[in-house]
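Asks: My structure is stored as model.cif, with mmCIF, C-alpha atoms, pLDDT in the B column; chains and numbers go by the auth columns.
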data_target
#
loop_
_atom_site.group_PDB
_atom_site.id
_atom_site.type_symbol
_atom_site.label_atom_id
_atom_site.label_comp_id
_atom_site.label_asym_id
_atom_site.label_seq_id
_atom_site.Cartn_x
_atom_site.Cartn_y
_atom_site.Cartn_z
_atom_site.B_iso_or_equiv
_atom_site.auth_seq_id
_atom_site.auth_asym_id
ATOM 1 C CA MET A 1 147.669 116.411 92.514 67.00 570 A
ATOM 2 C CA LYS A 2 151.281 115.379 93.175 84.00 571 A
ATOM 3 C CA VAL A 3 152.632 113.083 95.823 94.00 572 A
ATOM 4 C CA PHE A 4 156.199 111.902 96.303 96.00 573 A
ATOM 5 C CA ALA A 5 157.916 108.521 96.056 96.00 574 A
ATOM 6 C CA ILE A 6 161.399 107.381 96.982 97.00 575 A
ATOM 7 C CA PHE A 7 163.791 106.592 94.141 96.00 576 A
ATOM 8 C CA GLY A 8 167.415 105.637 94.613 96.00 577 A
ATOM 9 C CA ILE A 9 170.634 104.712 92.877 97.00 578 A
ATOM 10 C CA LEU A 10 172.989 102.228 94.524 96.00 579 A
ATOM 11 C CA CYS A 11 176.485 101.449 93.216 94.00 580 A
ATOM 12 C CA VAL A 12 178.638 98.631 94.574 90.00 581 A
ATOM 13 C CA SER A 13 182.123 97.373 93.761 83.00 582 A
ATOM 14 C CA SER A 14 182.753 93.871 92.530 75.00 583 A
ATOM 15 C CA PRO A 15 184.578 91.648 95.048 73.00 584 A
ATOM 16 C CA ASP A 16 187.844 92.061 93.103 74.00 585 A
ATOM 17 C CA GLY A 17 187.387 95.848 93.042 70.00 586 A
ATOM 18 C CA LEU A 18 187.812 96.004 89.274 78.00 587 A
ATOM 19 C CA ASP A 19 184.222 96.722 88.359 83.00 588 A
ATOM 20 C CA LYS A 20 181.393 98.894 89.639 86.00 589 A
ATOM 21 C CA ARG A 21 177.704 98.017 89.224 89.00 590 A
ATOM 22 C CA CYS A 22 174.847 100.440 89.725 93.00 591 A
ATOM 23 C CA MET A 23 171.127 99.830 90.058 94.00 592 A
ATOM 24 C CA ASN A 24 168.024 101.937 90.469 96.00 593 A
ATOM 25 C CA PHE A 25 165.430 101.146 93.092 94.00 594 A
ATOM 26 C CA TRP A 26 161.976 102.161 94.325 93.00 595 A
ATOM 27 C CA GLU A 27 160.254 101.110 97.507 91.00 596 A
ATOM 28 C CA ASP A 28 158.274 97.953 96.831 90.00 597 A
ATOM 29 C CA PRO A 29 155.373 98.418 97.040 92.00 598 A
ATOM 30 C CA VAL A 30 155.683 102.099 96.144 90.00 599 A
ATOM 31 C CA VAL A 31 154.759 104.296 99.099 93.00 600 A
ATOM 32 C CA LYS A 32 153.154 107.641 98.223 94.00 601 A
ATOM 33 C CA TYR A 33 154.149 110.464 100.570 96.00 602 A
ATOM 34 C CA GLU A 34 151.881 113.511 100.819 94.00 603 A
ATOM 35 C CA THR A 35 154.706 116.043 101.356 94.00 604 A
ATOM 36 C CA VAL A 36 158.299 116.285 100.210 94.00 605 A
ATOM 37 C CA GLN A 37 159.324 116.707 103.869 96.00 606 A
ATOM 38 C CA GLU A 38 157.659 113.411 104.847 97.00 607 A
ATOM 39 C CA CYS A 39 159.318 111.722 101.885 96.00 608 A
ATOM 40 C CA GLY A 40 162.702 113.228 102.777 96.00 609 A
ATOM 41 C CA ILE A 41 162.565 111.803 106.293 97.00 610 A
ATOM 42 C CA ALA A 42 161.650 108.364 104.929 97.00 611 A
ATOM 43 C CA ALA A 43 164.374 108.586 102.242 96.00 612 A
ATOM 44 C CA LYS A 44 167.055 109.272 104.859 96.00 613 A
ATOM 45 C CA GLN A 45 165.785 106.336 106.917 96.00 614 A
ATOM 46 C CA ARG A 46 165.776 103.969 103.905 95.00 615 A
ATOM 47 C CA GLY A 47 169.276 105.067 102.944 95.00 616 A
ATOM 48 C CA ARG A 48 170.533 104.406 106.461 96.00 617 A
ATOM 49 C CA GLU A 49 168.836 100.969 106.501 95.00 618 A
ATOM 50 C CA ILE A 50 170.562 100.059 103.227 94.00 619 A
ATOM 51 C CA GLU A 51 173.953 101.205 104.557 94.00 620 A
ATOM 52 C CA ILE A 52 173.513 99.156 107.746 96.00 621 A
ATOM 53 C CA ASN A 53 172.382 96.063 105.817 94.00 622 A
ATOM 54 C CA PHE A 54 175.343 96.219 103.447 91.00 623 A
ATOM 55 C CA THR A 55 177.820 96.821 106.296 89.00 624 A
ATOM 56 C CA GLN A 56 176.429 93.850 108.251 92.00 625 A
ATOM 57 C CA ASN A 57 176.913 91.679 105.156 86.00 626 A
ATOM 58 C CA ASN A 58 180.468 92.962 104.535 83.00 627 A
ATOM 59 C CA LEU A 59 179.495 94.613 101.251 83.00 628 A
ATOM 60 C CA GLU A 60 180.993 97.926 100.239 85.00 629 A
ATOM 61 C CA ILE A 61 178.807 100.662 98.785 91.00 630 A
ATOM 62 C CA GLU A 62 180.528 102.850 96.181 91.00 631 A
ATOM 63 C CA SER A 63 177.717 105.381 96.234 94.00 632 A
ATOM 64 C CA LEU A 64 174.129 105.634 97.405 96.00 633 A
ATOM 65 C CA GLU A 65 171.742 108.399 96.405 96.00 634 A
ATOM 66 C CA VAL A 66 168.124 108.495 97.539 96.00 635 A
ATOM 67 C CA TYR A 67 165.672 111.023 96.084 94.00 636 A
ATOM 68 C CA CYS A 68 162.053 112.038 96.469 96.00 637 A
ATOM 69 C CA LEU A 69 160.376 112.328 93.089 94.00 638 A
ATOM 70 C CA PRO A 70 156.955 113.852 92.413 94.00 639 A
ATOM 71 C CA ILE A 71 154.460 111.414 90.961 90.00 640 A
ATOM 72 C CA ASP A 72 150.804 111.679 89.998 79.00 641 A
ATOM 73 C CA LYS A 73 148.512 110.701 92.859 66.00 642 A
ATOM 74 C CA TYR A 74 145.780 109.572 90.523 61.00 643 A
ATOM 75 C CA LYS A 75 146.706 107.433 87.574 58.00 644 A
ATOM 76 C CA LYS A 76 144.951 108.507 84.395 54.00 645 A
ATOM 77 C CA THR A 77 143.032 105.782 82.596 46.00 646 A
#
Will you turn the file into structure tokens for me?
Replies:
Amino acid sequence: MKVFAIFGILCVSSPDGLDKRCMNFWEDPVVKYETVQECGIAAKQRGREIEINFTQNNLEIESLEVYCLPIDKYKKT
């Protein structure tokens, strides 16, 4: 059975604007969404929260992409 988790890529500019750094992120702890629609709503909300947080801290986002990826609900042992 598949569930969905949020995965994102965030890129920011260095303060001098000469360099760009990108990082991947997951929700911590990972939240497992039962439907892609539920995950999509949460992904939009998380993306907006990140944008607001960066803006409030005077940090410029180069790019922000937030995805819903299918994951296994039950980890095989």
Asks: Between CA of Ser582 (chain A) and CA of Ile610 (chain A), what is the distance in Å, rounded to a tenth?
Replies: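 Atom-to-atom, CA of Ser582 (chain A) to CA of Ile610 (chain A), that is 27.3 Å.
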Asks: Go through the shown structure with the PyMOL selection byres ((chain A and resi 638) around 8) and write out the matching residues as a VMD selection string.
Replies: chain A and resid 573 to 576 636 to 637 639 to 640
Asks: Between A:Glu596, A:Glu618, A:Asp588, A:Glu603, which has the minimum distance to Val572 (chain A) (counting only C-alpha atoms)?
Replies: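 Checking each candidate against Val572 (chain A), we get A:Glu603 as the closest.
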Asks: CA of Gln614 (chain A) to CA of Lys571 (chain A): how many Å, to one decimal?
Replies: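 So the answer is 21.9 Å.
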Asks: Name every residue that the PyMOL selection byres ((chain A and resi 633) around 8) selects in this structure, writing the answer as a ChimeraX atom specification with chains first and numbers rising.
Replies: /A:577-580,616,630-632,634-635
Asks: Go through the shown structure with the PyMOL selection byres ((chain A and resi 584) around 12) and write out the matching residues as a PDB file with C-alpha atoms, in the coordinates of the input.
Replies:
ATOM      1  CA  VAL A 581     178.638  98.631  94.574  1.00 90.00           C
ATOM      2  CA  SER A 582     182.123  97.373  93.761  1.00 83.00           C
ATOM      3  CA  SER A 583     182.753  93.871  92.530  1.00 75.00           C
ATOM      4  CA  ASP A 585     187.844  92.061  93.103  1.00 74.00           C
ATOM      5  CA  GLY A 586     187.387  95.848  93.042  1.00 70.00           C
ATOM      6  CA  LEU A 587     187.812  96.004  89.274  1.00 78.00           C
ATOM      7  CA  ASP A 588     184.222  96.722  88.359  1.00 83.00           C
ATOM      8  CA  LYS A 589     181.393  98.894  89.639  1.00 86.00           C
ATOM      9  CA  ARG A 590     177.704  98.017  89.224  1.00 89.00           C
ATOM     10  CA  ASN A 627     180.468  92.962 104.535  1.00 83.00           C
ATOM     11  CA  LEU A 628     179.495  94.613 101.251  1.00 83.00           C
ATOM     12  CA  GLU A 629     180.993  97.926 100.239  1.00 85.00           C
ATOM     13  CA  ILE A 630     178.807 100.662  98.785  1.00 91.00           C
ATOM     14  CA  GLU A 631     180.528 102.850  96.181  1.00 91.00           C
TER      15      GLU A 631
END
Asks: Would you please work out which residue, of A:Asp641, A:Phe623, A:Arg615, A:Gly609, is nearest to Asp597 (chain A) when using all atoms listed in the file?
Replies: A:Arg615
Asks: Output as lines of an AutoDock Vina configuration file the centre and edge lengths (Å, one decimal) of the box along x, y and z of the file that holds every listed atom of region 575-592 of chain A after adding 3 Å on each side.
Replies:
center_x = 174.6
center_y = 99.5
center_z = 92.7
size_x = 32.4
size_y = 21.7
size_z = 14.6
Asks: What gap, in Å, lies between CA of Lys601 (chain A) and CA of Thr624 (chain A)?
Replies: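 CA of Thr624 (chain A) lies at a distance of 28.1 Å from CA of Lys601 (chain A).
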Asks: Since the input is missing atoms for region 590-601 of chain A, could you rebuild it with all heavy atoms and give the result as a short mmCIF file (atom, residue, chain, number, x, y, z; two decimals), in the coordinates of the input?
Replies:
data_model
loop_
_atom_site.label_atom_id
_atom_site.label_comp_id
_atom_site.auth_asym_id
_atom_site.auth_seq_id
_atom_site.Cartn_x
_atom_site.Cartn_y
_atom_site.Cartn_z
N ARG A 590 179.06 98.25 89.74
CA ARG A 590 177.70 98.02 89.22
C ARG A 590 176.74 98.95 89.94
O ARG A 590 176.82 99.11 91.15
CB ARG A 590 177.27 96.58 89.49
CG ARG A 590 178.22 95.54 88.99
CD ARG A 590 177.76 94.99 87.70
NE ARG A 590 178.74 93.99 87.26
CZ ARG A 590 178.72 93.47 86.09
NH1 ARG A 590 177.79 93.81 85.23
NH2 ARG A 590 179.62 92.60 85.73
N CYS A 591 175.84 99.53 89.16
CA CYS A 591 174.85 100.44 89.72
C CYS A 591 173.45 99.95 89.39
O CYS A 591 173.24 99.32 88.33
CB CYS A 591 175.03 101.85 89.18
SG CYS A 591 176.62 102.60 89.62
N MET A 592 172.52 100.22 90.29
CA MET A 592 171.13 99.83 90.06
C MET A 592 170.21 100.90 90.62
O MET A 592 170.56 101.60 91.57
CB MET A 592 170.83 98.48 90.70
CG MET A 592 170.98 98.47 92.21
SD MET A 592 170.97 96.84 92.92
CE MET A 592 172.71 96.50 92.90
N ASN A 593 169.07 101.03 90.00
CA ASN A 593 168.02 101.94 90.47
C ASN A 593 167.07 101.15 91.35
O ASN A 593 166.90 99.95 91.16
CB ASN A 593 167.23 102.52 89.30
CG ASN A 593 168.09 103.32 88.36
OD1 ASN A 593 169.08 103.91 88.75
ND2 ASN A 593 167.72 103.31 87.10
N PHE A 594 166.43 101.83 92.28
CA PHE A 594 165.43 101.15 93.09
C PHE A 594 164.32 102.10 93.52
O PHE A 594 164.50 103.31 93.60
CB PHE A 594 166.06 100.47 94.32
CG PHE A 594 166.68 101.44 95.30
CD1 PHE A 594 165.94 101.98 96.33
CD2 PHE A 594 168.02 101.77 95.20
CE1 PHE A 594 166.50 102.86 97.23
CE2 PHE A 594 168.61 102.65 96.10
CZ PHE A 594 167.85 103.20 97.12
N TRP A 595 163.16 101.53 93.75
CA TRP A 595 161.98 102.16 94.32
C TRP A 595 161.60 101.35 95.55
O TRP A 595 162.00 100.20 95.67
CB TRP A 595 160.79 102.09 93.37
CG TRP A 595 160.91 102.87 92.11
CD1 TRP A 595 161.45 102.41 90.95
CD2 TRP A 595 160.48 104.19 91.86
NE1 TRP A 595 161.38 103.39 89.99
CE2 TRP A 595 160.78 104.50 90.52
CE3 TRP A 595 159.84 105.16 92.63
CZ2 TRP A 595 160.48 105.72 89.95
CZ3 TRP A 595 159.55 106.37 92.05
CH2 TRP A 595 159.86 106.64 90.73
N GLU A 596 160.84 101.92 96.44
CA GLU A 596 160.25 101.11 97.51
C GLU A 596 159.27 100.15 96.85
O GLU A 596 158.62 100.48 95.87
CB GLU A 596 159.50 101.98 98.52
CG GLU A 596 160.41 102.79 99.39
CD GLU A 596 159.63 103.60 100.40
OE1 GLU A 596 158.85 104.48 99.98
OE2 GLU A 596 159.80 103.36 101.60
N ASP A 597 159.19 98.95 97.39
CA ASP A 597 158.27 97.95 96.83
C ASP A 597 157.44 97.36 97.96
O ASP A 597 157.99 96.67 98.80
CB ASP A 597 159.06 96.86 96.12
CG ASP A 597 158.17 95.87 95.40
OD1 ASP A 597 157.05 96.27 95.00
OD2 ASP A 597 158.57 94.72 95.23
N PRO A 598 156.16 97.64 97.99
CA PRO A 598 155.37 98.42 97.04
C PRO A 598 155.69 99.91 97.18
O PRO A 598 156.17 100.36 98.22
CB PRO A 598 153.92 98.13 97.43
CG PRO A 598 153.98 97.83 98.89
CD PRO A 598 155.31 97.15 99.10
N VAL A 599 155.42 100.66 96.13
CA VAL A 599 155.68 102.10 96.14
C VAL A 599 154.81 102.76 97.21
O VAL A 599 153.61 102.54 97.26
CB VAL A 599 155.40 102.72 94.76
CG1 VAL A 599 155.50 104.24 94.82
CG2 VAL A 599 156.36 102.15 93.72
N VAL A 600 155.46 103.53 98.07
CA VAL A 600 154.76 104.30 99.10
C VAL A 600 154.60 105.72 98.57
O VAL A 600 155.56 106.30 98.05
CB VAL A 600 155.54 104.30 100.43
CG1 VAL A 600 154.83 105.15 101.47
CG2 VAL A 600 155.73 102.87 100.92
N LYS A 601 153.41 106.27 98.69
CA LYS A 601 153.15 107.64 98.22
C LYS A 601 153.10 108.57 99.42
O LYS A 601 152.24 108.43 100.29
CB LYS A 601 151.84 107.69 97.43
CG LYS A 601 151.92 106.85 96.17
CD LYS A 601 150.60 106.82 95.44
CE LYS A 601 150.72 105.94 94.21
NZ LYS A 601 149.45 105.80 93.51
#
